[in-house]
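Undergrad: This is the structure I have questions about; it appears just below.
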Amino acid sequence: MPNDYVLSCAEDKQGNLWIATENGLSKFNPESGVFRNYDSYDGLPKIAFSEAAVCGAGSSGTLIFGTTQGYLSFNPERISAKRIAANIALTNLRINNEDARPGIDESVLKSNVNNVSDLTLKYDQNIISIDYAILDHRAGNRQTFAYRLIGFDSTWYDDRQLRRATYTNLRPGKYVFEVKSVSSDLYLNKPYRHLRITILPPAWKTWWAYLLYTILFGVLLFFIWRYTVAMIRLRNKIAIEQKLTALKLNFFTNVSHELRTPLTLIVNPLEQLSKKEKLTPEGASYVDVARKNASRMVRFVNQLLDLRKVQSGKAILLISRVEVVTFVREVISHFTEAARGKHIKLEVSSEQKEVVAWVDAEKLDVVIYNLLGNAIKYTPEGKAIRVLIEPITGQQCFSISVYDQGPGVAKEKLEEIFELFQEGDPSNGRNLKGTGIGLALCREFVNLHGGRIWAANNDDGGLTVTLTLNLGSAHYKYNEVSFVDLPKTLTPDEKPNELPSLLNRTNTSRHKDEQASLVLLVEDNEELRTFIEGQLTEFYRVETARDGEEGLQKAINLLPDLIVSDIMMPKMDGIQMLDEVKKDVNTSHIPVVLLSAKYSIESQIEGLKYGADCYITKPFNNEFLIASIDNLLWQRKKLFETFANGVEPIQVGLGEIPE
């Protein structure tokens with residue numbers, strides 16, 4: 001309605017209501033619910049209607065409305081709508097709140113917006129306002145529009161006054177703007193107009209950009225795949241190499257244990273041969289060569305077992321106070337004959353007469369022995385080897401450097417020589433090969449001490465291997481080491497061949513009789529069992545067993561005076577048999593001597609914890625074995641005599657402390 005104040009109202013013959021308002025005349029069709037407003041554009045005089053002043057004029061259907069200037073009469077049937085054809089025109093375009101006109105630089109319009117059917121915009125031209133109108137002066141404010149933007153709007157929006165549609169933050173894409181007139185009683189046609197709008201995406205969102213992204217992503221996936229495959233292969237290779245290294249070490253460890261038994265059968269017969277047979281000087285030299293090489297084999301076996309123990313994290317340092325200068329001189333003394341044979345000058349120099357340090361003497365012996373052995377091996381005849389011992393100024397450390405005059409090592413391989421299974425370079429006319437274990441074991445032992453070891457080529461030729469160690473003991477972790485104060489451990493060359501008898505036995509000429517002590521020998525290796533039995537039979541009555549199970553049964557039945565047992569045996573090993581013997585009241589008094597290829601301190605401690613009276617490693621010295629047996633039997637004899645004579649053992653305890 002043109003106004004909300006109704007002054008009068010009447011009904012015509014067609015059932016339409018004619019309503020007079022303060023602002024004009026309006027016809028309302030109850031069936032369609034549509035108003036049709038009339039004003040001066042339709043011929044209505046510019047007059048004001050009077051209140052409650054209306055009536056019908058009989059059968060003619062004329063309606064009469066009272067006004068302030070008289071009355072107004074008309075026949076509703078004779079009023080025609082006078083509808084005309086009309087179109088909608090686009091009158092203005094605003095982009096990003098600025099008018100877009102043709103002829104302006106960089107304008108999106110080449111002609112008037114009303115003549116454009118397609119509009120292309122950039123991605124940042126996404127705020128759009130479109131003005132529209134119907135070129136009909138009669139319509140005035142009676143026109144009603146509806147608009148929408150296909151691709152953005154889901155419904156039509158009515159517009160009665162603004163004649164403008166505005167959209168902001170439009171995304172790149174294709175749209176269609178539509179506008180229409182909903183005043184169907186004014187026009188013969190239905191005015192309608194549309195405009196296609198395309199907002200281009202930015203360069204990084206175009207199809208070719210996405211294609212490039214896809215290609216780059218594919219390339220990235222390819223390289224990731226290659227990298228992943230390479231890493232998997234590398235990890236598999238490392239895992240395989242680690243397994244191979246472990247298999248090598250396990251193999252050599254097992255072989256090393258197996259070698260100790262045949263080495264015993266080599267060393268001990270050589271000892272007996274040199275003592276009991278009259279050999280020519282040439283034969284004696286041959287026996288001496290065999291003994292030395294057997295000792296060398298023992299050293300190699302020990303190195304393999306030591307390396308395996310270090311890499312498995314089971315190595316324990318036995319720290320003692322050692323005077324390093326004297327210690328090194330004693331180790332060097334073992335190479336005097338080898339140096340003399342090659343006419344090599346071997347000397348030791350030290351700024352101080354004494355250098356006292358807390359180290360594992362046995363492991364330091366292995367380190368220095370290997371370094372000197374390599375120096376002797378690679379130094380040509382007529383050259384010199386020098387060992388320098390010196391404290392490091394300003395630090396509680398000392399260094400031991402071994403200088404040789406050999407061919408040296410390529411600079412890029414100086415670090416590799418300390419890796420496991422790295423052999424000497426056969427270049428420079430040398431054809432010397434090693435086991436590839438010695439220097440690797442040296443590094444492991446030095447690292448256990450918290451020190452460093454490295455190699456460098458000399459300016460005048462040759463190689464220098466230097467190791468640094470701490471002087472004191474504060475840097476050791478007390479839960480990982482054991483502190484002892486023992487004399488220096490004998491070198492492996494000394495252990496099997498030069499160990500003297502511990503007792504001056506007087507029973508060497510004694511014959512086997514019923515009064516002799518009964519010794520039970522438990523050994524699974526038939527040759528070694530036969531050999532040891534032959535050696536012991538000269539002094540004792542001997543019974544043998546092939547394994548721990550048989551040995552335990554014979555120990556219970558025979559009650560021998562002493563048991564000599566191997567450790568590694570089938571069915572029941574020596575430790576298990578020892579445990580059963582010591583737990584039985586009838587056999588717990590029997591002294592037990594353990595023979596084993598496990599020479600480590602840990603293995604010896606384990607045997608002693610289970611009650612062994614003596615632990616002897618293979619290859620062993622026959623005199624040492626017999627002396628140990630004699631010593632144990634003598635101690636037991638003295639103990640029994642003490643009890644038999646009624647002498648009470650001395651009780652040791654704490655008395656009262658005087659005030």
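If you're wondering about the labels, chains in the structure tokens are A, B, ... by order shown, residues count from 1 in each chain, ligands from 1 in order shown.
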Could you name the residues that touch A:Leu520 at 9 Å or less, counting only C-alpha atoms, but leaving out those on the same chain fewer than 3 positions away, as an mmCIF file with N, CA and C atoms, in the first residue's frame?
TA:
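After the write, around-v4.cif holds the following:
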```cif
data_model
loop_
_atom_site.group_PDB
_atom_site.id
_atom_site.type_symbol
_atom_site.label_atom_id
_atom_site.label_comp_id
_atom_site.auth_asym_id
_atom_site.auth_seq_id
_atom_site.Cartn_x
_atom_site.Cartn_y
_atom_site.Cartn_z
ATOM 1 N N ARG A 541 96.901 -92.202 42.453
ATOM 2 C CA ARG A 541 95.916 -93.113 41.856
ATOM 3 C C ARG A 541 94.885 -92.243 41.135
ATOM 4 N N VAL A 542 94.551 -92.593 39.921
ATOM 5 C CA VAL A 542 93.711 -91.728 39.090
ATOM 6 C C VAL A 542 92.486 -92.495 38.611
ATOM 7 N N GLU A 543 91.322 -91.894 38.769
ATOM 8 C CA GLU A 543 90.071 -92.351 38.164
ATOM 9 C C GLU A 543 89.602 -91.259 37.204
ATOM 10 N N THR A 544 88.997 -91.651 36.088
ATOM 11 C CA THR A 544 88.577 -90.679 35.063
ATOM 12 C C THR A 544 87.073 -90.744 34.837
ATOM 13 N N ALA A 545 86.530 -89.649 34.350
ATOM 14 C CA ALA A 545 85.115 -89.548 33.960
ATOM 15 C C ALA A 545 85.020 -88.684 32.707
ATOM 16 N N GLY A 551 81.194 -87.806 36.451
ATOM 17 C CA GLY A 551 82.125 -87.385 37.489
ATOM 18 C C GLY A 551 81.452 -87.230 38.838
ATOM 19 N N LYS A 554 80.835 -90.710 40.319
ATOM 20 C CA LYS A 554 82.061 -91.331 40.831
ATOM 21 C C LYS A 554 82.552 -90.626 42.093
ATOM 22 N N ALA A 555 82.361 -89.314 42.168
ATOM 23 C CA ALA A 555 82.767 -88.596 43.370
ATOM 24 C C ALA A 555 81.978 -89.072 44.574
ATOM 25 N N LEU A 558 83.228 -92.984 45.092
ATOM 26 C CA LEU A 558 84.632 -93.249 45.410
ATOM 27 C C LEU A 558 85.170 -92.354 46.517
ATOM 28 N N LEU A 559 84.572 -91.177 46.709
ATOM 29 C CA LEU A 559 85.066 -90.185 47.669
ATOM 30 C C LEU A 559 86.567 -89.961 47.484
ATOM 31 N N PRO A 560 86.982 -89.432 46.344
ATOM 32 C CA PRO A 560 88.407 -89.240 46.067
ATOM 33 C C PRO A 560 89.003 -88.176 46.988
ATOM 34 N N ASP A 561 90.334 -88.138 47.024
ATOM 35 C CA ASP A 561 91.019 -87.121 47.826
ATOM 36 C C ASP A 561 90.991 -85.761 47.145
ATOM 37 N N LEU A 562 90.851 -85.746 45.818
ATOM 38 C CA LEU A 562 90.847 -84.467 45.081
ATOM 39 C C LEU A 562 90.194 -84.696 43.715
ATOM 40 N N ILE A 563 89.556 -83.651 43.204
ATOM 41 C CA ILE A 563 88.899 -83.721 41.893
ATOM 42 C C ILE A 563 89.530 -82.681 40.979
ATOM 43 N N VAL A 564 89.936 -83.128 39.797
ATOM 44 C CA VAL A 564 90.397 -82.217 38.747
ATOM 45 C C VAL A 564 89.353 -82.280 37.627
ATOM 46 N N SER A 565 88.721 -81.122 37.302
ATOM 47 C CA SER A 565 87.590 -81.136 36.370
ATOM 48 C C SER A 565 87.682 -80.001 35.358
#
```
Undergrad: Find the nearest atom pair between each residue of stretch 300-362 of chain A and stretch 457-477 of chain A for residues within 8 Å, count only C-alpha atoms, give distances in Å to one decimal, sort rows by chain and ascending number, and present the table as CSV.
TA:
```
residue,atom,partner,partner_atom,distance
A:Val356,CA,A:Leu471,CA,6.9
A:Ala357,CA,A:Leu471,CA,4.4
A:Trp358,CA,A:Gly472,CA,5.7
```
Undergrad: Nearest residue to A:Val301 out of A:Leu273, A:Ile437, A:Val54, A:Ala203, using only C-alpha atoms?
TA: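 Looking only at the distances to A:Val301, the closest residue turns out to be A:Ile437.
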Undergrad: Do you have the atom CA of A:Lys243-atom CA of A:Ile567 distance handy?
TA: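 Going from atom CA of A:Lys243 over to atom CA of A:Ile567 covers 28.1 Å.
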Undergrad: Residues near A:Glu22, anyone? I mean within 8 Å using only C-alpha atoms, not counting same-chain ones fewer than 6 positions away, as a PyMOL selection string.
TA: chain A and resi 3+5-7+48-49
Undergrad: Please compute the atom CA of A:Thr91-atom CA of A:Val116 distance, one decimal, in Å.
TA: 11.4 Å
Undergrad: Using only C-alpha atoms for the distances, tell me which of A:Ile47, A:Leu270, A:Leu259, A:Val331 is nearest to A:Met297.
TA: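 When distances to A:Met297 are compared using only C-alpha atoms, the smallest one comes from A:Leu259.
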Undergrad: So which bits of stretch 195-253 of chain A end up strand (DSSP E) when you DSSP the backbone, as a list in words?
TA: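 Answer for stretch 195-253 of chain A restricted to strand (DSSP E) is Leu195, Arg196, Ile197, Thr198 and Ile199 of chain A.
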Undergrad: Write out as a ChimeraX atom specification which residues come within 9 Å of stretch 341-348 of chain A when counting only C-alpha atoms, dropping same-chain ones fewer than 2 positions away.
TA: /A:325,328-329,332,335-339,350,376,379-389
Undergrad: To one decimal place in Å, what is the distance between atom CA of A:Lys582 and atom CA of A:Tyr610?
TA: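 About the pair atom CA of A:Lys582 and atom CA of A:Tyr610: they are 7.9 Å apart.
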Undergrad: List the spatial neighbours of stretch 28-31 of chain A as a list in words - criterion: any atom at most 7 Å away, only C-alpha atoms, same-chain residues fewer than 5 positions off excluded.
TA: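 What passes the distance filter is Asn16, Leu17, Trp18 and Arg36 of chain A.
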Undergrad: Write down as a PyMOL selection string the residues belonging to stretch 338-394 of chain A that are assigned helix (DSSP H, G or I) by DSSP computed on the backbone.
TA: chain A and resi 338-341+361-378
Undergrad: Create the file for the chosen residues now, containing N, CA and C atoms and written as an mmCIF file, in the first residue's frame.
TA:
```cif
data_model
loop_
_atom_site.group_PDB
_atom_site.id
_atom_site.type_symbol
_atom_site.label_atom_id
_atom_site.label_comp_id
_atom_site.auth_asym_id
_atom_site.auth_seq_id
_atom_site.Cartn_x
_atom_site.Cartn_y
_atom_site.Cartn_z
ATOM 1 N N ALA A 338 113.910 -60.525 19.126
ATOM 2 C CA ALA A 338 113.361 -60.213 17.801
ATOM 3 C C ALA A 338 114.019 -58.969 17.222
ATOM 4 N N ALA A 339 114.244 -57.949 18.051
ATOM 5 C CA ALA A 339 114.898 -56.730 17.575
ATOM 6 C C ALA A 339 116.350 -57.008 17.199
ATOM 7 N N ARG A 340 117.028 -57.847 18.000
ATOM 8 C CA ARG A 340 118.415 -58.162 17.684
ATOM 9 C C ARG A 340 118.511 -58.926 16.368
ATOM 10 N N GLY A 341 117.528 -59.796 16.098
ATOM 11 C CA GLY A 341 117.547 -60.558 14.861
ATOM 12 C C GLY A 341 117.395 -59.681 13.628
ATOM 13 N N ALA A 361 96.932 -53.632 34.880
ATOM 14 C CA ALA A 361 98.253 -54.016 34.389
ATOM 15 C C ALA A 361 98.166 -55.032 33.256
ATOM 16 N N GLU A 362 97.246 -55.981 33.375
ATOM 17 C CA GLU A 362 97.138 -57.022 32.351
ATOM 18 C C GLU A 362 96.723 -56.435 31.010
ATOM 19 N N LYS A 363 95.759 -55.519 31.038
ATOM 20 C CA LYS A 363 95.274 -54.941 29.782
ATOM 21 C C LYS A 363 96.285 -53.955 29.208
ATOM 22 N N LEU A 364 96.973 -53.202 30.071
ATOM 23 C CA LEU A 364 98.011 -52.304 29.567
ATOM 24 C C LEU A 364 99.160 -53.111 28.962
ATOM 25 N N ASP A 365 99.447 -54.271 29.536
ATOM 26 C CA ASP A 365 100.459 -55.165 28.968
ATOM 27 C C ASP A 365 100.083 -55.575 27.547
ATOM 28 N N VAL A 366 98.790 -55.909 27.341
ATOM 29 C CA VAL A 366 98.326 -56.298 25.997
ATOM 30 C C VAL A 366 98.485 -55.141 25.019
ATOM 31 N N VAL A 367 98.142 -53.916 25.452
ATOM 32 C CA VAL A 367 98.229 -52.747 24.578
ATOM 33 C C VAL A 367 99.672 -52.511 24.139
ATOM 34 N N ILE A 368 100.597 -52.445 25.102
ATOM 35 C CA ILE A 368 101.999 -52.154 24.768
ATOM 36 C C ILE A 368 102.601 -53.290 23.953
ATOM 37 N N TYR A 369 102.252 -54.524 24.297
ATOM 38 C CA TYR A 369 102.767 -55.676 23.557
ATOM 39 C C TYR A 369 102.342 -55.608 22.089
ATOM 40 N N ASN A 370 101.071 -55.258 21.827
ATOM 41 C CA ASN A 370 100.592 -55.167 20.440
ATOM 42 C C ASN A 370 101.273 -54.036 19.688
ATOM 43 N N LEU A 371 101.432 -52.884 20.344
ATOM 44 C CA LEU A 371 102.073 -51.752 19.671
ATOM 45 C C LEU A 371 103.518 -52.078 19.322
ATOM 46 N N LEU A 372 104.242 -52.704 20.239
ATOM 47 C CA LEU A 372 105.629 -53.076 19.957
ATOM 48 C C LEU A 372 105.704 -54.184 18.911
ATOM 49 N N GLY A 373 104.773 -55.129 18.979
ATOM 50 C CA GLY A 373 104.756 -56.193 17.980
ATOM 51 C C GLY A 373 104.562 -55.644 16.578
ATOM 52 N N ASN A 374 103.637 -54.672 16.417
ATOM 53 C CA ASN A 374 103.430 -54.057 15.099
ATOM 54 C C ASN A 374 104.661 -53.270 14.668
ATOM 55 N N ALA A 375 105.284 -52.566 15.619
ATOM 56 C CA ALA A 375 106.469 -51.783 15.270
ATOM 57 C C ALA A 375 107.600 -52.694 14.800
ATOM 58 N N ILE A 376 107.824 -53.809 15.489
ATOM 59 C CA ILE A 376 108.862 -54.761 15.075
ATOM 60 C C ILE A 376 108.530 -55.354 13.706
ATOM 61 N N LYS A 377 107.241 -55.628 13.492
ATOM 62 C CA LYS A 377 106.834 -56.276 12.245
ATOM 63 C C LYS A 377 107.083 -55.384 11.031
ATOM 64 N N TYR A 378 106.765 -54.094 11.147
ATOM 65 C CA TYR A 378 106.798 -53.208 9.981
ATOM 66 C C TYR A 378 108.078 -52.378 9.874
#
```
Undergrad: Between A:Asp12, A:Pro262, A:Lys275, A:Thr393, which has the minimum distance to A:Asn525 (counting only C-alpha atoms)?
TA: A:Pro262
Undergrad: Excluding stretch 99-110 of chain A and any residue of its chain fewer than 3 positions from it, enumerate the residues within 8 Å of it, using only C-alpha atoms, and give them as a ChimeraX atom specification.
TA: /A:92-95,113,116,119-121
